[in-house]
Each structure stands twice: as structure tokens, then as C-alpha cells.
file my_file-v4.cif (mmCIF, C-alpha atoms)
data_my_file
#
loop_
_atom_site.group_PDB
_atom_site.id
_atom_site.type_symbol
_atom_site.label_atom_id
_atom_site.label_comp_id
_atom_site.auth_asym_id
_atom_site.auth_seq_id
_atom_site.Cartn_x
_atom_site.Cartn_y
_atom_site.Cartn_z
ATOM 1 C CA MET U 1 0.000 0.000 0.000
ATOM 2 C CA ALA U 2 1.458 3.306 -1.092
ATOM 3 C CA LEU U 3 1.618 6.255 1.227
ATOM 4 C CA PRO U 4 -0.183 9.295 -0.229
ATOM 5 C CA GLN U 5 2.666 11.723 0.438
ATOM 6 C CA ASP U 6 5.264 9.404 -1.094
ATOM 7 C CA GLY U 7 3.571 8.894 -4.447
ATOM 8 C CA PRO U 8 2.971 5.727 -6.418
ATOM 9 C CA TRP U 9 6.571 4.506 -6.472
ATOM 10 C CA LEU U 10 6.932 3.800 -2.736
ATOM 11 C CA ASP U 11 5.411 1.069 -0.614
ATOM 12 C CA ASP U 12 5.468 1.294 3.180
ATOM 13 C CA ALA U 13 6.465 -2.376 3.586
ATOM 14 C CA ALA U 14 8.591 -3.015 0.514
ATOM 15 C CA GLY U 15 10.140 0.412 0.022
ATOM 16 C CA ARG U 16 10.836 1.757 -3.443
ATOM 17 C CA LEU U 17 9.000 -0.278 -6.086
ATOM 18 C CA VAL U 18 11.160 0.894 -8.974
ATOM 19 C CA ARG U 19 14.910 0.615 -8.569
ATOM 20 C CA PRO U 20 16.664 3.985 -8.925
ATOM 21 C CA TYR U 21 18.827 2.984 -11.876
ATOM 22 C CA THR U 22 15.819 1.843 -13.897
ATOM 23 C CA VAL U 23 14.537 5.409 -13.650
ATOM 24 C CA ILE U 24 17.586 6.578 -15.604
ATOM 25 C CA ASN U 25 17.835 3.520 -17.878
ATOM 26 C CA GLY U 26 21.005 2.244 -16.229
ATOM 27 C CA ARG U 27 23.064 5.354 -16.986
ATOM 28 C CA THR U 28 25.634 6.157 -14.331
ATOM 29 C CA ARG U 29 27.012 9.500 -15.522
ATOM 30 C CA PRO U 30 25.233 12.778 -16.079
ATOM 31 C CA SER U 31 25.778 14.514 -19.388
ATOM 32 C CA ALA U 32 25.978 17.947 -17.732
ATOM 33 C CA PRO U 33 28.690 18.705 -15.168
ATOM 34 C CA LEU U 34 26.752 18.863 -11.892
ATOM 35 C CA ASP U 35 28.099 19.041 -8.365
ATOM 36 C CA LEU U 36 26.045 18.425 -5.222
ATOM 37 C CA LEU U 37 26.201 22.177 -4.614
ATOM 38 C CA SER U 38 25.265 23.134 -8.177
ATOM 39 C CA LEU U 39 22.170 25.303 -8.330
ATOM 40 C CA VAL U 40 19.478 24.521 -10.885
ATOM 41 C CA VAL U 41 16.743 26.900 -12.014
ATOM 42 C CA PRO U 42 13.794 26.116 -14.306
ATOM 43 C CA THR U 43 13.685 28.035 -17.573
ATOM 44 C CA GLY U 44 9.955 27.538 -18.121
ATOM 45 C CA ALA U 45 10.650 27.172 -21.824
ATOM 46 C CA VAL U 46 10.279 23.433 -22.412
ATOM 47 C CA SER U 47 7.588 20.900 -21.628
ATOM 48 C CA VAL U 48 8.852 17.645 -20.120
ATOM 49 C CA ALA U 49 5.734 15.659 -21.019
ATOM 50 C CA HIS U 50 7.850 13.069 -22.848
ATOM 51 C CA MET U 51 9.965 12.384 -19.761
ATOM 52 C CA GLY U 52 9.224 10.226 -16.739
ATOM 53 C CA PRO U 53 7.423 11.191 -13.536
ATOM 54 C CA GLU U 54 10.722 11.620 -11.693
ATOM 55 C CA HIS U 55 11.789 14.285 -14.195
ATOM 56 C CA THR U 56 8.521 16.124 -13.654
ATOM 57 C CA GLN U 57 8.843 15.835 -9.882
ATOM 58 C CA ALA U 58 12.463 17.078 -9.965
ATOM 59 C CA LEU U 59 11.446 20.029 -12.126
ATOM 60 C CA GLY U 60 8.625 20.832 -9.697
ATOM 61 C CA LEU U 61 11.069 20.914 -6.788
ATOM 62 C CA CYS U 62 13.091 23.586 -8.598
ATOM 63 C CA GLY U 63 10.141 25.950 -8.971
ATOM 64 C CA GLY U 64 10.793 28.003 -5.844
ATOM 65 C CA GLY U 65 14.056 29.447 -7.097
ATOM 66 C CA PRO U 66 17.636 28.213 -7.282
ATOM 67 C CA THR U 67 17.816 24.763 -5.699
ATOM 68 C CA SER U 68 20.880 22.626 -5.057
ATOM 69 C CA VAL U 69 21.292 19.140 -6.470
ATOM 70 C CA ALA U 70 21.670 17.825 -2.912
ATOM 71 C CA GLU U 71 18.304 19.306 -1.866
ATOM 72 C CA ILE U 72 16.543 17.761 -4.838
ATOM 73 C CA ALA U 73 18.146 14.359 -4.207
ATOM 74 C CA ALA U 74 16.966 14.460 -0.598
ATOM 75 C CA GLN U 75 13.420 15.412 -1.560
ATOM 76 C CA LEU U 76 13.248 12.722 -4.264
ATOM 77 C CA ARG U 77 14.817 10.152 -1.919
ATOM 78 C CA LEU U 78 17.150 9.098 -4.703
ATOM 79 C CA PRO U 79 20.928 8.625 -4.743
ATOM 80 C CA ALA U 80 22.844 11.732 -5.772
ATOM 81 C CA VAL U 81 24.159 10.207 -8.999
ATOM 82 C CA VAL U 82 20.629 9.252 -10.087
ATOM 83 C CA THR U 83 19.431 12.779 -9.342
ATOM 84 C CA LYS U 84 22.356 14.235 -11.299
ATOM 85 C CA VAL U 85 21.405 12.154 -14.350
ATOM 86 C CA LEU U 86 17.743 13.230 -14.066
ATOM 87 C CA LEU U 87 18.724 16.884 -13.756
ATOM 88 C CA SER U 88 21.232 16.667 -16.599
ATOM 89 C CA ASP U 89 18.428 15.326 -18.821
ATOM 90 C CA LEU U 90 16.421 18.425 -17.919
ATOM 91 C CA VAL U 91 19.421 20.687 -18.596
ATOM 92 C CA ASP U 92 19.975 18.985 -21.966
ATOM 93 C CA CYS U 93 16.379 19.550 -23.078
ATOM 94 C CA GLY U 94 16.460 23.189 -21.947
ATOM 95 C CA ALA U 95 14.033 22.871 -19.024
ATOM 96 C CA LEU U 96 16.717 23.799 -16.461
ATOM 97 C CA THR U 97 19.842 25.874 -16.272
ATOM 98 C CA ALA U 98 22.636 24.901 -13.909
ATOM 99 C CA LYS U 99 25.223 27.033 -12.181
ATOM 100 C CA ALA U 100 28.322 25.439 -10.721
ATOM 101 C CA PRO U 101 29.273 26.421 -7.185
ATOM 102 C CA THR U 102 31.946 29.067 -6.840
ATOM 103 C CA PHE U 103 34.562 28.970 -4.153
ATOM 104 C CA ARG U 104 36.811 31.754 -3.035
ATOM 105 C CA THR U 105 40.471 30.936 -3.217
ATOM 106 C CA GLN U 106 41.529 33.989 -1.256
ATOM 107 C CA PRO U 107 40.251 34.544 2.286
ATOM 108 C CA THR U 108 38.187 37.657 2.707
ATOM 109 C CA ASP U 109 39.548 40.369 4.947
ATOM 110 C CA ASP U 110 36.613 42.745 4.695
ATOM 111 C CA GLN U 111 36.580 44.368 8.143
ATOM 112 C CA SER U 112 32.864 45.226 8.067
ATOM 113 C CA LEU U 113 31.902 41.657 7.164
ATOM 114 C CA LEU U 114 34.015 40.217 9.959
ATOM 115 C CA GLU U 115 32.528 42.679 12.461
ATOM 116 C CA ALA U 116 28.981 41.810 11.356
ATOM 117 C CA VAL U 117 29.684 38.095 11.837
ATOM 118 C CA LEU U 118 31.191 38.759 15.276
ATOM 119 C CA ASP U 119 28.188 40.902 16.288
ATOM 120 C CA GLY U 120 25.798 38.183 15.134
ATOM 121 C CA LEU U 121 27.662 35.539 17.128
ATOM 122 C CA ARG U 122 27.646 37.716 20.249
ATOM 123 C CA ARG U 123 23.872 38.225 19.985
ATOM 124 C CA ARG U 124 23.287 34.467 19.732
ATOM 125 C CA LEU U 125 25.508 33.613 22.709
#
call {"tool": "encode", "arguments": {"input": "my_file-v4.cif", "output": "C-alpha cells"}}
result
Amino acid sequence: MALPQDGPWLDDAAGRLVRPYTVINGRTRPSAPLDLLSLVVPTGAVSVAHMGPEHTQALGLCGGGPTSVAEIAAQLRLPAVVTKVLLSDLVDCGALTAKAPTFRTQPTDDQSLLEAVLDGLRRRL
């Protein structure tokens, strides 16, 4: 018996009824370079009617603004690599855009930023 909030692919006794890698046809690598911290945003330009329900669900989770791959994987209850393949399909068809995470190589020494962080920590403690 499926739980209403979990959708048709989950069973409370048996777990997931469809194995994750069947959702992506056995593929193990995404076509788009996605990191767990990559942010995806829907373009609203393409219909994904020809794709599976997981693609539609993943696209729906991105509707509130930039969403990380890790957040979507957690909400879908799928392994990260499966989620990356699903999202790369959506990027390839133009339904999503992806932005790789950026990391600073140089530490910041902005005095006002450091003071604001210190003030915030003092207020919490």
C-alpha cells in the first residue's frame, strides 16, 4: 500500500517499487557537469511531457528558485548520482539551467563583514 505523500513509487512495507537505476535507464554519468552544490533553475521554456514522472517531480522541486542538487536528491529520496542524471536530462532539453558552485580561493579580509559576523555571534551567545 502506497503512502499518499510518497507517491505511487513507494510502498510502506517493501520500500521503493522501482529501482533507482531503472529510472535513468542504467546510466551512471550525467551529461551535464553537476556538483552536489550546483544550483538549478527552471527556464519555463520546455515541456517535459515526454519524460518520466521523476523528471517532472524534480522540475517541480526547482520551482521556488535556485535549488541545489543535494536538496533535490533528498526530496526525491534518490541517490545523488541518479538525481544528477535526471537533472542533466532536464538541462539537456532546456528545461533547467545549472550554475556550478563558486569557491573563493583567497580569504576575505573585509573588516565590516568580519565585524557583522562577530556581532551576530555575540547576539546568539
call {"tool": "closest_residue", "arguments": {"input": "my_file-v4.cif", "among": "U:Leu96, U:Leu125, U:Val85, U:Leu114", "to": "Ala45 (chain U)", "atoms": "all atoms listed in the file"}}
result
U:Leu96
call {"tool": "closest_residue", "arguments": {"input": "my_file-v4.cif", "among": "U:Thr102, U:Thr97, U:Thr56, U:Gln111", "to": "Thr43 (chain U)", "atoms": "all atoms listed in the file"}}
result
U:Thr97
call {"tool": "closest_residue", "arguments": {"input": "my_file-v4.cif", "among": "U:Ala100, U:Ala74, U:Ala116, U:Ala95", "to": "Gly44 (chain U)", "atoms": "only C-alpha atoms"}}
result
U:Ala95
call {"tool": "atom_distance", "arguments": {"input": "my_file-v4.cif", "atom1": "CA of Leu90 (chain U)", "atom2": "CA of Arg77 (chain U)"}}
result
18.1 Å
call {"tool": "residues_near_point", "arguments": {"input": "my_file-v4.cif", "point": "(27.8, 11.3, -15.6)", "cutoff": "12 Å", "atoms": "all atoms listed in the file", "output": "CSV table (one decimal) with C-alpha atoms, in the coordinates of the input"}}
result
chain,number,residue,atom,x,y,z
U,24,ILE,CA,17.6,6.6,-15.6
U,26,GLY,CA,21.0,2.2,-16.2
U,27,ARG,CA,23.1,5.4,-17.0
U,28,THR,CA,25.6,6.2,-14.3
U,29,ARG,CA,27.0,9.5,-15.5
U,30,PRO,CA,25.2,12.8,-16.1
U,31,SER,CA,25.8,14.5,-19.4
U,32,ALA,CA,26.0,17.9,-17.7
U,33,PRO,CA,28.7,18.7,-15.2
U,34,LEU,CA,26.8,18.9,-11.9
U,35,ASP,CA,28.1,19.0,-8.4
U,80,ALA,CA,22.8,11.7,-5.8
U,81,VAL,CA,24.2,10.2,-9.0
U,82,VAL,CA,20.6,9.3,-10.1
U,83,THR,CA,19.4,12.8,-9.3
U,84,LYS,CA,22.4,14.2,-11.3
U,85,VAL,CA,21.4,12.2,-14.4
U,86,LEU,CA,17.7,13.2,-14.1
U,87,LEU,CA,18.7,16.9,-13.8
U,88,SER,CA,21.2,16.7,-16.6
U,89,ASP,CA,18.4,15.3,-18.8
call {"tool": "atom_distance", "arguments": {"input": "my_file-v4.cif", "atom1": "CA of Gly120 (chain U)", "atom2": "CA of Leu36 (chain U)"}}
result
28.4 Å
call {"tool": "atom_distance", "arguments": {"input": "my_file-v4.cif", "atom1": "CA of Gly65 (chain U)", "atom2": "CA of Gly52 (chain U)"}}
result
22.0 Å
call {"tool": "closest_residue", "arguments": {"input": "my_file-v4.cif", "among": "U:Ser68, U:Leu118, U:Leu39, U:Leu76", "to": "Glu54 (chain U)", "atoms": "all atoms listed in the file"}}
result
U:Leu76
call {"tool": "closest_residue", "arguments": {"input": "my_file-v4.cif", "among": "U:Val69, U:Met51, U:Leu78, U:Leu59", "to": "Lys99 (chain U)", "atoms": "all atoms listed in the file"}}
result
U:Val69
call {"tool": "build_atoms", "arguments": {"input": "my_file-v4.cif", "residues": "region 32-47 of chain U", "atoms": "N, CA, C and O atoms", "output": "tab-separated table (two decimals), keeping the file's coordinate frame"}}
result
chain	number	residue	atom	x	y	z
U	32	ALA	N	25.60	16.58	-18.13
U	32	ALA	CA	25.98	17.95	-17.73
U	32	ALA	C	26.83	17.87	-16.47
U	32	ALA	O	26.60	17.03	-15.61
U	33	PRO	N	27.84	18.73	-16.37
U	33	PRO	CA	28.69	18.70	-15.17
U	33	PRO	C	27.94	19.29	-13.96
U	33	PRO	O	27.74	20.50	-13.88
U	34	LEU	N	27.49	18.42	-13.07
U	34	LEU	CA	26.75	18.86	-11.89
U	34	LEU	C	27.46	18.41	-10.63
U	34	LEU	O	27.92	17.28	-10.54
U	35	ASP	N	27.53	19.31	-9.68
U	35	ASP	CA	28.10	19.04	-8.36
U	35	ASP	C	26.93	18.99	-7.39
U	35	ASP	O	25.84	19.46	-7.70
U	36	LEU	N	27.13	18.44	-6.21
U	36	LEU	CA	26.04	18.42	-5.22
U	36	LEU	C	25.61	19.84	-4.84
U	36	LEU	O	24.47	20.06	-4.46
U	37	LEU	N	26.52	20.80	-4.96
U	37	LEU	CA	26.20	22.18	-4.61
U	37	LEU	C	25.77	23.02	-5.81
U	37	LEU	O	25.47	24.20	-5.66
U	38	SER	N	25.73	22.40	-7.00
U	38	SER	CA	25.26	23.13	-8.18
U	38	SER	C	23.83	23.58	-7.97
U	38	SER	O	23.02	22.86	-7.38
U	39	LEU	N	23.53	24.77	-8.44
U	39	LEU	CA	22.17	25.30	-8.33
U	39	LEU	C	21.48	25.17	-9.67
U	39	LEU	O	22.05	25.53	-10.71
U	40	VAL	N	20.26	24.66	-9.66
U	40	VAL	CA	19.48	24.52	-10.88
U	40	VAL	C	18.25	25.41	-10.79
U	40	VAL	O	17.66	25.58	-9.72
U	41	VAL	N	17.88	25.99	-11.94
U	41	VAL	CA	16.74	26.90	-12.01
U	41	VAL	C	15.93	26.53	-13.25
U	41	VAL	O	16.50	26.35	-14.33
U	42	PRO	N	14.60	26.43	-13.12
U	42	PRO	CA	13.79	26.12	-14.31
U	42	PRO	C	13.75	27.30	-15.27
U	42	PRO	O	13.73	28.46	-14.85
U	43	THR	N	13.76	26.99	-16.55
U	43	THR	CA	13.68	28.04	-17.57
U	43	THR	C	12.24	28.34	-17.94
U	43	THR	O	11.94	29.43	-18.41
U	44	GLY	N	11.36	27.37	-17.75
U	44	GLY	CA	9.96	27.54	-18.12
U	44	GLY	C	9.72	27.47	-19.61
U	44	GLY	O	8.61	27.68	-20.08
U	45	ALA	N	10.76	27.13	-20.37
U	45	ALA	CA	10.65	27.17	-21.82
U	45	ALA	C	10.25	25.84	-22.45
U	45	ALA	O	9.74	25.84	-23.56
U	46	VAL	N	10.47	24.73	-21.78
U	46	VAL	CA	10.28	23.43	-22.41
U	46	VAL	C	9.33	22.57	-21.60
U	46	VAL	O	9.40	22.53	-20.38
U	47	SER	N	8.46	21.86	-22.28
U	47	SER	CA	7.59	20.90	-21.63
U	47	SER	C	8.33	19.58	-21.50
U	47	SER	O	9.02	19.15	-22.42
